[in-house]
Amino acid sequence: MRLRKVKNLEARLDTCRGRLLLEKEPTCFQSVFGNDHPVIAEFGIGRGKFILEMAKRHPEKNFFGVERVDSVMIQAMEKVREEKNIRYLIANVEDLVEILPDNSLSGLFLNFSDPWPKKRNRKRRLTYRDYLKQYDRWLIEGSTVQLKTDSDILFAFSIEEVSQTGHILRDVTLDLSKSSAYEDNIRTEYEERFAEQELPIRALRYDSGKALL
Ligand SMILES: C[S@@+](CC[C@H](N)C(=O)[O-])C[C@H]1O[C@@H](n2cnc3c(N)ncnc32)[C@H](O)[C@@H]1O
């Protein structure tokens with residue numbers, strides 16, 4: 001999907017393509033990364049500050065960022081320098097079923113996912129129950145899913161959906177900056193804006209479970 005015009009988008013994507021972009025075909029992360037390190041995903045990475053910082057901090061893990069808007073994704077891809085443990089895909093999360101094998105992920109971050117505030121759009125929220133069930137398929141049992149948001153609507157909805165699908169919530173906080181569970185927090189681009197205004201960030205975690213499918 002393309003929303004905004006950015007200069008020379010095709011050429012810039014081409015420059016990054018070989019090095020960074022995971023193609024839209026069934027993925028074998030072992031051959032993509034050349035090792036069997038755990039793969040941690042972020043869905044809706046925006047300009048990608050968070051996942052790149054994670055990749056720098058954790059060279060013993062691999063990172064996989066998904067973003068549906070190419071003119072946004074290019075800004076994430078162009079930030080990468082020497083990091084070999086990160087790959088990107090321009091795709092909608094709903095289209096990943098064809099691409100991501102079951103049990104291929106060891107963690108998932110949902111950072112400031114679109115809240116879709118109107119109730120009629122709730123099935124588009126990335127914590128809608130059908131998504132959570134799909135995440136349980138992609139994630140190795142017991143992997144952590146973490147959500148951060150400024151939206152009370154999305155936060156309340158996510159608590160409900162996580163509980164309704166039988167998962168156990170943990171590290172639930174209405175103000176991440178006051179919670180010791182998030183001491184190693186890396187701020188995303190969106191989060192920086194809220195932090196500047198001293199607005200609280202909501203956060204939660206749960207562990208994936210195959211028995212719940
Ligand atoms: C509000 S922004 C947050 C970006 C970044 N995570 C941050 O915190 O700075 C949400 C991002 O998720 C992307 N997004 C929303 N729904 C998506 C989906 N279903 N599949 C892939 N990307 C999605 C949007 O294009 C947008 O870039």
# chains A, B, ... in the order shown; residues from 1 in each chain; ligands from 1
>>> closest_atom_pairs(of="chain A", to="ligand 1", cutoff="7 Å", atoms="only C-alpha atoms and all ligand atoms", output="Markdown table")
| residue | atom | partner | partner_atom_place_in_ligand_line | distance |
| --- | --- | --- | --- | --- |
| A:Phe43 | CA | ligand 1 | 21 (C) | 5.8 |
| A:Gly44 | CA | ligand 1 | 12 (O) | 3.3 |
| A:Ile45 | CA | ligand 1 | 6 (N) | 4.1 |
| A:Gly46 | CA | ligand 1 | 27 (O) | 3.7 |
| A:Arg47 | CA | ligand 1 | 9 (O) | 6.5 |
| A:Gly48 | CA | ligand 1 | 5 (C) | 6.7 |
| A:Val66 | CA | ligand 1 | 21 (C) | 5.7 |
| A:Glu67 | CA | ligand 1 | 22 (N) | 3.9 |
| A:Arg68 | CA | ligand 1 | 21 (C) | 4.1 |
| A:Val69 | CA | ligand 1 | 25 (O) | 5.1 |
| A:Val72 | CA | ligand 1 | 27 (O) | 6.4 |
| A:Ala91 | CA | ligand 1 | 21 (C) | 5.7 |
| A:Asn92 | CA | ligand 1 | 20 (N) | 3.5 |
| A:Val93 | CA | ligand 1 | 20 (N) | 4.0 |
| A:Glu94 | CA | ligand 1 | 19 (N) | 6.1 |
| A:Leu110 | CA | ligand 1 | 6 (N) | 6.9 |
| A:Asn111 | CA | ligand 1 | 6 (N) | 4.3 |
| A:Phe112 | CA | ligand 1 | 8 (O) | 4.6 |
| A:Ser113 | CA | ligand 1 | 10 (C) | 4.7 |
| A:Asp114 | CA | ligand 1 | 1 (C) | 5.1 |
| A:Leu126 | CA | ligand 1 | 19 (N) | 6.7 |
| A:Thr188 | CA | ligand 1 | 9 (O) | 4.4 |
| A:Glu189 | CA | ligand 1 | 9 (O) | 3.8 |
| A:Tyr190 | CA | ligand 1 | 9 (O) | 3.8 |
| A:Glu191 | CA | ligand 1 | 8 (O) | 6.0 |
>>> select_by_dssp(residues="stretch 118-199 of chain A", states="strand (DSSP E)", output="PDB file with N, CA, C and O atoms, in the first residue's frame")
ATOM      1  N   LEU A 139       3.527 -18.503  16.808  1.00  0.00           N
ATOM      2  CA  LEU A 139       4.478 -18.415  17.922  1.00  0.00           C
ATOM      3  C   LEU A 139       4.771 -19.777  18.529  1.00  0.00           C
ATOM      4  O   LEU A 139       3.871 -20.622  18.673  1.00  0.00           O
ATOM      5  N   ILE A 140       6.011 -19.984  18.899  1.00  0.00           N
ATOM      6  CA  ILE A 140       6.374 -21.165  19.674  1.00  0.00           C
ATOM      7  C   ILE A 140       5.693 -21.028  21.033  1.00  0.00           C
ATOM      8  O   ILE A 140       5.635 -19.929  21.603  1.00  0.00           O
ATOM      9  N   GLU A 141       5.150 -22.134  21.516  1.00  0.00           N
ATOM     10  CA  GLU A 141       4.410 -22.135  22.791  1.00  0.00           C
ATOM     11  C   GLU A 141       5.178 -21.388  23.886  1.00  0.00           C
ATOM     12  O   GLU A 141       6.373 -21.621  24.091  1.00  0.00           O
ATOM     13  N   GLY A 142       4.486 -20.504  24.596  1.00  0.00           N
ATOM     14  CA  GLY A 142       5.093 -19.794  25.723  1.00  0.00           C
ATOM     15  C   GLY A 142       5.838 -18.531  25.335  1.00  0.00           C
ATOM     16  O   GLY A 142       6.413 -17.867  26.199  1.00  0.00           O
ATOM     17  N   SER A 143       5.812 -18.167  24.050  1.00  0.00           N
ATOM     18  CA  SER A 143       6.470 -16.932  23.618  1.00  0.00           C
ATOM     19  C   SER A 143       5.669 -15.716  24.109  1.00  0.00           C
ATOM     20  O   SER A 143       4.443 -15.763  24.205  1.00  0.00           O
ATOM     21  N   THR A 144       6.379 -14.637  24.338  1.00  0.00           N
ATOM     22  CA  THR A 144       5.715 -13.438  24.863  1.00  0.00           C
ATOM     23  C   THR A 144       5.190 -12.540  23.744  1.00  0.00           C
ATOM     24  O   THR A 144       5.881 -12.302  22.759  1.00  0.00           O
ATOM     25  N   VAL A 145       3.961 -12.068  23.957  1.00  0.00           N
ATOM     26  CA  VAL A 145       3.389 -11.017  23.110  1.00  0.00           C
ATOM     27  C   VAL A 145       3.290  -9.760  23.973  1.00  0.00           C
ATOM     28  O   VAL A 145       2.799  -9.828  25.106  1.00  0.00           O
ATOM     29  N   GLN A 146       3.771  -8.647  23.440  1.00  0.00           N
ATOM     30  CA  GLN A 146       3.727  -7.387  24.202  1.00  0.00           C
ATOM     31  C   GLN A 146       3.015  -6.312  23.394  1.00  0.00           C
ATOM     32  O   GLN A 146       3.316  -6.124  22.217  1.00  0.00           O
ATOM     33  N   LEU A 147       2.089  -5.636  24.062  1.00  0.00           N
ATOM     34  CA  LEU A 147       1.356  -4.525  23.438  1.00  0.00           C
ATOM     35  C   LEU A 147       1.653  -3.230  24.187  1.00  0.00           C
ATOM     36  O   LEU A 147       1.630  -3.213  25.421  1.00  0.00           O
ATOM     37  N   LYS A 148       1.913  -2.169  23.435  1.00  0.00           N
ATOM     38  CA  LYS A 148       1.980  -0.826  24.020  1.00  0.00           C
ATOM     39  C   LYS A 148       1.020   0.043  23.216  1.00  0.00           C
ATOM     40  O   LYS A 148       0.962  -0.072  21.987  1.00  0.00           O
ATOM     41  N   THR A 149       0.315   0.931  23.919  1.00  0.00           N
ATOM     42  CA  THR A 149      -0.628   1.802  23.211  1.00  0.00           C
ATOM     43  C   THR A 149      -0.935   3.051  24.037  1.00  0.00           C
ATOM     44  O   THR A 149      -0.823   3.037  25.272  1.00  0.00           O
ATOM     45  N   LEU A 169      -3.065 -12.679  31.271  1.00  0.00           N
ATOM     46  CA  LEU A 169      -2.412 -11.365  31.168  1.00  0.00           C
ATOM     47  C   LEU A 169      -1.352 -11.208  32.243  1.00  0.00           C
ATOM     48  O   LEU A 169      -1.507 -11.706  33.356  1.00  0.00           O
ATOM     49  N   ARG A 170      -0.296 -10.494  31.920  1.00  0.00           N
ATOM     50  CA  ARG A 170       0.689 -10.119  32.947  1.00  0.00           C
ATOM     51  C   ARG A 170       1.298  -8.756  32.595  1.00  0.00           C
ATOM     52  O   ARG A 170       1.158  -8.287  31.473  1.00  0.00           O
ATOM     53  N   ASP A 171       1.942  -8.175  33.598  1.00  0.00           N
ATOM     54  CA  ASP A 171       2.605  -6.872  33.419  1.00  0.00           C
ATOM     55  C   ASP A 171       1.654  -5.829  32.820  1.00  0.00           C
ATOM     56  O   ASP A 171       2.047  -5.022  31.971  1.00  0.00           O
ATOM     57  N   VAL A 172       0.400  -5.866  33.287  1.00  0.00           N
ATOM     58  CA  VAL A 172      -0.586  -4.888  32.792  1.00  0.00           C
ATOM     59  C   VAL A 172      -0.367  -3.568  33.525  1.00  0.00           C
ATOM     60  O   VAL A 172      -0.344  -3.535  34.755  1.00  0.00           O
ATOM     61  N   THR A 173      -0.185  -2.502  32.780  1.00  0.00           N
ATOM     62  CA  THR A 173       0.034  -1.203  33.424  1.00  0.00           C
ATOM     63  C   THR A 173      -0.638  -0.082  32.644  1.00  0.00           C
ATOM     64  O   THR A 173      -0.683  -0.118  31.412  1.00  0.00           O
TER      65      THR A 173
END
>>> residues_around(residues="stretch 150-159 of chain A", least_positions_apart="2", cutoff="8 Å", atoms="only C-alpha atoms", output="number ranges by chain")
A: 112, 115-117, 125, 127-128, 148, 161-163, 169, 194, 199-203
>>> residues_around(residues="A:Ser104", least_positions_apart="5", cutoff="10 Å", atoms="only C-alpha atoms", output="MDAnalysis selection string")
chainID A and resid 27:30 38:41 137:140
>>> write_last_selection(atoms="C-alpha atoms", output="compact mmCIF listing (two decimals), in the first residue's frame")
# COMPACT_ATOMS: atom_id res chain seq x y z
CA THR A 27 9.58 -18.23 4.66
CA CYS A 28 12.31 -20.38 6.08
CA PHE A 29 13.93 -18.08 8.60
CA GLN A 30 16.91 -20.42 9.01
CA PRO A 38 14.98 -17.20 17.71
CA VAL A 39 12.97 -14.80 15.54
CA ILE A 40 11.16 -11.89 17.19
CA ALA A 41 8.52 -10.01 15.16
CA ARG A 137 -0.05 -20.71 15.55
CA TRP A 138 2.96 -18.63 14.47
CA LEU A 139 4.48 -18.41 17.92
CA ILE A 140 6.37 -21.17 19.67
>>> select_by_dssp(residues="stretch 7-210 of chain A", states="helix (DSSP H, G or I)", output="ChimeraX atom specification")
/A:9-20,29-33,49-57,70-77,93-98,119-124,129-138,152-164,176-178,180-182,189-196,210
>>> residues_around(residues="A:Ala211", least_positions_apart="6", cutoff="10 Å", atoms="only C-alpha atoms", output="PyMOL selection string")
chain A and resi 136+141+166-167
>>> residues_around(residues="stretch 80-87 of chain A", least_positions_apart="5", cutoff="8 Å", atoms="only C-alpha atoms", output="PDB file with all heavy atoms, in the first residue's frame")
ATOM      1  N   LEU A  20      17.650  -6.573   2.420  1.00  0.00           N
ATOM      2  CA  LEU A  20      16.755  -6.484   3.570  1.00  0.00           C
ATOM      3  C   LEU A  20      15.396  -7.144   3.403  1.00  0.00           C
ATOM      4  O   LEU A  20      14.847  -7.660   4.358  1.00  0.00           O
ATOM      5  CB  LEU A  20      16.514  -5.013   3.918  1.00  0.00           C
ATOM      6  CG  LEU A  20      17.740  -4.246   4.362  1.00  0.00           C
ATOM      7  CD1 LEU A  20      17.404  -2.773   4.501  1.00  0.00           C
ATOM      8  CD2 LEU A  20      18.245  -4.784   5.678  1.00  0.00           C
ATOM      9  N   LEU A  21      14.869  -7.086   2.230  1.00  0.00           N
ATOM     10  CA  LEU A  21      13.452  -7.440   2.121  1.00  0.00           C
ATOM     11  C   LEU A  21      13.241  -8.930   1.974  1.00  0.00           C
ATOM     12  O   LEU A  21      13.763  -9.562   1.067  1.00  0.00           O
ATOM     13  CB  LEU A  21      12.851  -6.715   0.911  1.00  0.00           C
ATOM     14  CG  LEU A  21      11.341  -6.729   0.831  1.00  0.00           C
ATOM     15  CD1 LEU A  21      10.742  -5.793   1.878  1.00  0.00           C
ATOM     16  CD2 LEU A  21      10.894  -6.269  -0.547  1.00  0.00           C
ATOM     17  N   LEU A  22      12.467  -9.452   2.860  1.00  0.00           N
ATOM     18  CA  LEU A  22      12.063 -10.836   2.763  1.00  0.00           C
ATOM     19  C   LEU A  22      10.975 -10.910   1.687  1.00  0.00           C
ATOM     20  O   LEU A  22      10.029 -10.156   1.717  1.00  0.00           O
ATOM     21  CB  LEU A  22      11.481 -11.217   4.113  1.00  0.00           C
ATOM     22  CG  LEU A  22      11.350 -12.626   4.534  1.00  0.00           C
ATOM     23  CD1 LEU A  22      12.716 -13.259   4.678  1.00  0.00           C
ATOM     24  CD2 LEU A  22      10.638 -12.649   5.865  1.00  0.00           C
ATOM     25  N   PHE A  33      18.249 -16.075   7.498  1.00  0.00           N
ATOM     26  CA  PHE A  33      19.241 -15.491   8.414  1.00  0.00           C
ATOM     27  C   PHE A  33      20.553 -16.281   8.450  1.00  0.00           C
ATOM     28  O   PHE A  33      21.552 -15.808   8.981  1.00  0.00           O
ATOM     29  CB  PHE A  33      18.657 -15.401   9.832  1.00  0.00           C
ATOM     30  CG  PHE A  33      17.600 -14.339   9.991  1.00  0.00           C
ATOM     31  CD1 PHE A  33      16.259 -14.684  10.120  1.00  0.00           C
ATOM     32  CD2 PHE A  33      17.939 -12.993   9.996  1.00  0.00           C
ATOM     33  CE1 PHE A  33      15.285 -13.720  10.269  1.00  0.00           C
ATOM     34  CE2 PHE A  33      16.968 -12.015  10.141  1.00  0.00           C
ATOM     35  CZ  PHE A  33      15.633 -12.374  10.271  1.00  0.00           C
ATOM     36  N   LEU A  52      14.839  -1.931  15.148  1.00  0.00           N
ATOM     37  CA  LEU A  52      16.265  -1.843  14.854  1.00  0.00           C
ATOM     38  C   LEU A  52      17.080  -1.741  16.145  1.00  0.00           C
ATOM     39  O   LEU A  52      18.134  -2.379  16.275  1.00  0.00           O
ATOM     40  CB  LEU A  52      16.539  -0.639  13.943  1.00  0.00           C
ATOM     41  CG  LEU A  52      17.984  -0.500  13.485  1.00  0.00           C
ATOM     42  CD1 LEU A  52      18.484  -1.756  12.778  1.00  0.00           C
ATOM     43  CD2 LEU A  52      18.153   0.716  12.575  1.00  0.00           C
ATOM     44  N   ALA A  55      17.329  -5.131  17.557  1.00  0.00           N
ATOM     45  CA  ALA A  55      18.316  -5.945  16.823  1.00  0.00           C
ATOM     46  C   ALA A  55      19.739  -5.613  17.268  1.00  0.00           C
ATOM     47  O   ALA A  55      20.598  -6.496  17.374  1.00  0.00           O
ATOM     48  CB  ALA A  55      18.148  -5.732  15.322  1.00  0.00           C
ATOM     49  N   LYS A  56      19.985  -4.331  17.538  1.00  0.00           N
ATOM     50  CA  LYS A  56      21.321  -3.931  18.008  1.00  0.00           C
ATOM     51  C   LYS A  56      21.598  -4.475  19.396  1.00  0.00           C
ATOM     52  O   LYS A  56      22.702  -4.932  19.691  1.00  0.00           O
ATOM     53  CB  LYS A  56      21.420  -2.395  18.039  1.00  0.00           C
ATOM     54  CG  LYS A  56      21.488  -1.766  16.675  1.00  0.00           C
ATOM     55  CD  LYS A  56      21.571  -0.253  16.816  1.00  0.00           C
ATOM     56  CE  LYS A  56      21.555   0.380  15.448  1.00  0.00           C
ATOM     57  NZ  LYS A  56      21.351   1.802  15.468  1.00  0.00           N
ATOM     58  N   PRO A  59      22.040  -9.252  19.471  1.00  0.00           N
ATOM     59  CA  PRO A  59      22.618  -9.917  18.293  1.00  0.00           C
ATOM     60  C   PRO A  59      22.408 -11.424  18.302  1.00  0.00           C
ATOM     61  O   PRO A  59      22.553 -12.064  17.261  1.00  0.00           O
ATOM     62  CB  PRO A  59      24.109  -9.555  18.380  1.00  0.00           C
ATOM     63  CG  PRO A  59      24.341  -9.102  19.779  1.00  0.00           C
ATOM     64  CD  PRO A  59      23.051  -8.581  20.296  1.00  0.00           C
ATOM     65  N   LYS A  61      19.622 -12.819  18.657  1.00  0.00           N
ATOM     66  CA  LYS A  61      18.273 -13.095  18.145  1.00  0.00           C
ATOM     67  C   LYS A  61      18.133 -12.473  16.758  1.00  0.00           C
ATOM     68  O   LYS A  61      18.887 -11.570  16.394  1.00  0.00           O
ATOM     69  CB  LYS A  61      17.208 -12.494  19.067  1.00  0.00           C
ATOM     70  CG  LYS A  61      17.179 -13.164  20.428  1.00  0.00           C
ATOM     71  CD  LYS A  61      16.139 -12.538  21.326  1.00  0.00           C
ATOM     72  CE  LYS A  61      16.195 -13.239  22.680  1.00  0.00           C
ATOM     73  NZ  LYS A  61      15.422 -12.527  23.705  1.00  0.00           N
ATOM     74  N   ASN A  62      17.126 -12.947  16.030  1.00  0.00           N
ATOM     75  CA  ASN A  62      16.788 -12.361  14.735  1.00  0.00           C
ATOM     76  C   ASN A  62      15.494 -11.561  14.855  1.00  0.00           C
ATOM     77  O   ASN A  62      14.631 -11.905  15.675  1.00  0.00           O
ATOM     78  CB  ASN A  62      16.621 -13.455  13.677  1.00  0.00           C
ATOM     79  CG  ASN A  62      17.920 -14.186  13.417  1.00  0.00           C
ATOM     80  OD1 ASN A  62      18.979 -13.568  13.342  1.00  0.00           O
ATOM     81  ND2 ASN A  62      17.853 -15.508  13.271  1.00  0.00           N
ATOM     82  N   PHE A  63      15.333 -10.559  14.007  1.00  0.00           N
ATOM     83  CA  PHE A  63      14.165  -9.679  14.087  1.00  0.00           C
ATOM     84  C   PHE A  63      13.510  -9.536  12.718  1.00  0.00           C
ATOM     85  O   PHE A  63      14.198  -9.471  11.696  1.00  0.00           O
ATOM     86  CB  PHE A  63      14.572  -8.320  14.672  1.00  0.00           C
ATOM     87  CG  PHE A  63      14.966  -8.451  16.114  1.00  0.00           C
ATOM     88  CD1 PHE A  63      16.270  -8.785  16.461  1.00  0.00           C
ATOM     89  CD2 PHE A  63      14.028  -8.314  17.119  1.00  0.00           C
ATOM     90  CE1 PHE A  63      16.625  -8.971  17.787  1.00  0.00           C
ATOM     91  CE2 PHE A  63      14.377  -8.495  18.457  1.00  0.00           C
ATOM     92  CZ  PHE A  63      15.681  -8.821  18.780  1.00  0.00           C
ATOM     93  N   PHE A  64      12.189  -9.480  12.765  1.00  0.00           N
ATOM     94  CA  PHE A  64      11.384  -9.502  11.549  1.00  0.00           C
ATOM     95  C   PHE A  64      10.309  -8.422  11.668  1.00  0.00           C
ATOM     96  O   PHE A  64       9.410  -8.524  12.513  1.00  0.00           O
ATOM     97  CB  PHE A  64      10.761 -10.901  11.410  1.00  0.00           C
ATOM     98  CG  PHE A  64       9.745 -11.044  10.332  1.00  0.00           C
ATOM     99  CD1 PHE A  64      10.027 -10.678   9.023  1.00  0.00           C
ATOM    100  CD2 PHE A  64       8.489 -11.581  10.601  1.00  0.00           C
ATOM    101  CE1 PHE A  64       9.088 -10.823   8.018  1.00  0.00           C
ATOM    102  CE2 PHE A  64       7.541 -11.748   9.601  1.00  0.00           C
ATOM    103  CZ  PHE A  64       7.846 -11.361   8.314  1.00  0.00           C
ATOM    104  N   GLY A  65      10.398  -7.380  10.849  1.00  0.00           N
ATOM    105  CA  GLY A  65       9.466  -6.266  10.934  1.00  0.00           C
ATOM    106  C   GLY A  65       8.507  -6.247   9.763  1.00  0.00           C
ATOM    107  O   GLY A  65       8.921  -6.352   8.610  1.00  0.00           O
TER     108      GLY A  65
END
>>> atom_distance(atom1="atom CA of A:Val97", atom2="atom CA of A:Val32")
18.0 Å
>>> atom_distance(atom1="atom CA of A:Ala181", atom2="atom CA of A:Met54")
16.8 Å
>>> atom_distance(atom1="atom CA of A:Glu10", atom2="atom CA of A:Glu25")
20.3 Å
>>> residues_around(residues="A:Lys7", least_positions_apart="3", cutoff="12 Å", atoms="only C-alpha atoms", output="number ranges by chain")
A: 4, 10-13, 71-72, 74-75
>>> write_last_selection(atoms="N, CA and C atoms", output="PDB file, in the first residue's frame")
ATOM      1  N   ARG A   4       1.716   8.103   1.016  1.00  0.00           N
ATOM      2  CA  ARG A   4       2.351   9.378   0.727  1.00  0.00           C
ATOM      3  C   ARG A   4       3.364   9.218  -0.376  1.00  0.00           C
ATOM      4  N   GLU A  10      10.805   3.720  -5.714  1.00  0.00           N
ATOM      5  CA  GLU A  10      11.151   2.433  -6.342  1.00  0.00           C
ATOM      6  C   GLU A  10      12.653   2.191  -6.298  1.00  0.00           C
ATOM      7  N   ALA A  11      13.420   3.212  -6.655  1.00  0.00           N
ATOM      8  CA  ALA A  11      14.883   3.068  -6.661  1.00  0.00           C
ATOM      9  C   ALA A  11      15.400   2.795  -5.255  1.00  0.00           C
ATOM     10  N   ARG A  12      14.835   3.491  -4.280  1.00  0.00           N
ATOM     11  CA  ARG A  12      15.291   3.302  -2.897  1.00  0.00           C
ATOM     12  C   ARG A  12      14.937   1.914  -2.403  1.00  0.00           C
ATOM     13  N   LEU A  13      13.762   1.436  -2.767  1.00  0.00           N
ATOM     14  CA  LEU A  13      13.377   0.067  -2.369  1.00  0.00           C
ATOM     15  C   LEU A  13      14.323  -0.945  -3.003  1.00  0.00           C
ATOM     16  N   SER A  71       5.890   3.447   1.670  1.00  0.00           N
ATOM     17  CA  SER A  71       6.569   4.734   1.822  1.00  0.00           C
ATOM     18  C   SER A  71       6.995   4.987   3.269  1.00  0.00           C
ATOM     19  N   VAL A  72       6.419   4.250   4.192  1.00  0.00           N
ATOM     20  CA  VAL A  72       6.846   4.299   5.598  1.00  0.00           C
ATOM     21  C   VAL A  72       7.971   3.289   5.809  1.00  0.00           C
ATOM     22  N   ILE A  74      10.171   2.150   3.822  1.00  0.00           N
ATOM     23  CA  ILE A  74      11.484   2.486   3.255  1.00  0.00           C
ATOM     24  C   ILE A  74      12.326   3.248   4.277  1.00  0.00           C
ATOM     25  N   GLN A  75      11.654   4.041   5.102  1.00  0.00           N
ATOM     26  CA  GLN A  75      12.388   4.823   6.112  1.00  0.00           C
ATOM     27  C   GLN A  75      12.968   3.915   7.196  1.00  0.00           C
TER      28      GLN A  75
END
>>> closest_residue(among="A:Glu42, A:Asn35, A:Lys49, A:Leu213", to="A:Leu132", atoms="only C-alpha atoms")
A:Leu213
>>> closest_residue(among="A:Lys5, A:Tyr135, A:Met73, A:Ser180", to="A:Pro101", atoms="only C-alpha atoms")
A:Tyr135
>>> closest_residue(among="A:Leu204, A:Asp70, A:Arg57, A:Asp175", to="A:Leu89", atoms="only C-alpha atoms")
A:Asp70
>>> closest_residue(among="A:Lys79, A:His58, A:Glu53, A:Asp130", to="A:Cys16", atoms="only C-alpha atoms")
A:Lys79
>>> decode(residues="stretch 103-110 of chain A", atoms="all heavy atoms", output="PDB file, in the first residue's frame")
ATOM      1  N   ASN A 103       4.831 -21.984  14.271  1.00  0.00           N
ATOM      2  CA  ASN A 103       5.980 -22.176  15.196  1.00  0.00           C
ATOM      3  C   ASN A 103       7.270 -21.536  14.688  1.00  0.00           C
ATOM      4  O   ASN A 103       8.353 -22.056  14.927  1.00  0.00           O
ATOM      5  CB  ASN A 103       6.235 -23.668  15.427  1.00  0.00           C
ATOM      6  CG  ASN A 103       5.029 -24.343  16.013  1.00  0.00           C
ATOM      7  OD1 ASN A 103       4.496 -23.894  17.024  1.00  0.00           O
ATOM      8  ND2 ASN A 103       4.574 -25.416  15.378  1.00  0.00           N
ATOM      9  N   SER A 104       7.134 -20.426  13.998  1.00  0.00           N
ATOM     10  CA  SER A 104       8.353 -19.804  13.451  1.00  0.00           C
ATOM     11  C   SER A 104       8.803 -18.584  14.256  1.00  0.00           C
ATOM     12  O   SER A 104       9.901 -18.084  14.036  1.00  0.00           O
ATOM     13  CB  SER A 104       8.139 -19.405  11.989  1.00  0.00           C
ATOM     14  OG  SER A 104       7.056 -18.510  11.887  1.00  0.00           O
ATOM     15  N   LEU A 105       7.971 -18.096  15.176  1.00  0.00           N
ATOM     16  CA  LEU A 105       8.307 -16.876  15.924  1.00  0.00           C
ATOM     17  C   LEU A 105       8.482 -17.168  17.416  1.00  0.00           C
ATOM     18  O   LEU A 105       7.799 -18.036  17.979  1.00  0.00           O
ATOM     19  CB  LEU A 105       7.200 -15.829  15.761  1.00  0.00           C
ATOM     20  CG  LEU A 105       6.919 -15.344  14.341  1.00  0.00           C
ATOM     21  CD1 LEU A 105       5.751 -14.351  14.340  1.00  0.00           C
ATOM     22  CD2 LEU A 105       8.159 -14.721  13.710  1.00  0.00           C
ATOM     23  N   SER A 106       9.372 -16.410  18.050  1.00  0.00           N
ATOM     24  CA  SER A 106       9.633 -16.589  19.489  1.00  0.00           C
ATOM     25  C   SER A 106       9.260 -15.358  20.301  1.00  0.00           C
ATOM     26  O   SER A 106       9.650 -15.232  21.463  1.00  0.00           O
ATOM     27  CB  SER A 106      11.120 -16.898  19.710  1.00  0.00           C
ATOM     28  OG  SER A 106      11.459 -18.116  19.103  1.00  0.00           O
ATOM     29  N   GLY A 107       8.539 -14.450  19.687  1.00  0.00           N
ATOM     30  CA  GLY A 107       8.095 -13.251  20.398  1.00  0.00           C
ATOM     31  C   GLY A 107       7.442 -12.311  19.414  1.00  0.00           C
ATOM     32  O   GLY A 107       7.717 -12.378  18.211  1.00  0.00           O
ATOM     33  N   LEU A 108       6.526 -11.467  19.930  1.00  0.00           N
ATOM     34  CA  LEU A 108       5.805 -10.539  19.047  1.00  0.00           C
ATOM     35  C   LEU A 108       5.556  -9.221  19.786  1.00  0.00           C
ATOM     36  O   LEU A 108       5.081  -9.223  20.928  1.00  0.00           O
ATOM     37  CB  LEU A 108       4.461 -11.151  18.620  1.00  0.00           C
ATOM     38  CG  LEU A 108       3.514 -10.244  17.839  1.00  0.00           C
ATOM     39  CD1 LEU A 108       4.129  -9.788  16.519  1.00  0.00           C
ATOM     40  CD2 LEU A 108       2.180 -10.953  17.577  1.00  0.00           C
ATOM     41  N   PHE A 109       5.872  -8.112  19.106  1.00  0.00           N
ATOM     42  CA  PHE A 109       5.592  -6.780  19.638  1.00  0.00           C
ATOM     43  C   PHE A 109       4.534  -6.099  18.772  1.00  0.00           C
ATOM     44  O   PHE A 109       4.637  -6.102  17.544  1.00  0.00           O
ATOM     45  CB  PHE A 109       6.868  -5.923  19.621  1.00  0.00           C
ATOM     46  CG  PHE A 109       7.886  -6.374  20.632  1.00  0.00           C
ATOM     47  CD1 PHE A 109       8.908  -7.234  20.255  1.00  0.00           C
ATOM     48  CD2 PHE A 109       7.813  -5.949  21.951  1.00  0.00           C
ATOM     49  CE1 PHE A 109       9.844  -7.667  21.188  1.00  0.00           C
ATOM     50  CE2 PHE A 109       8.751  -6.378  22.887  1.00  0.00           C
ATOM     51  CZ  PHE A 109       9.765  -7.234  22.505  1.00  0.00           C
ATOM     52  N   LEU A 110       3.543  -5.530  19.457  1.00  0.00           N
ATOM     53  CA  LEU A 110       2.514  -4.713  18.806  1.00  0.00           C
ATOM     54  C   LEU A 110       2.613  -3.323  19.425  1.00  0.00           C
ATOM     55  O   LEU A 110       2.175  -3.110  20.561  1.00  0.00           O
ATOM     56  CB  LEU A 110       1.124  -5.306  19.060  1.00  0.00           C
ATOM     57  CG  LEU A 110       0.900  -6.743  18.561  1.00  0.00           C
ATOM     58  CD1 LEU A 110      -0.430  -7.298  19.076  1.00  0.00           C
ATOM     59  CD2 LEU A 110       0.944  -6.803  17.037  1.00  0.00           C
TER      60      LEU A 110
END
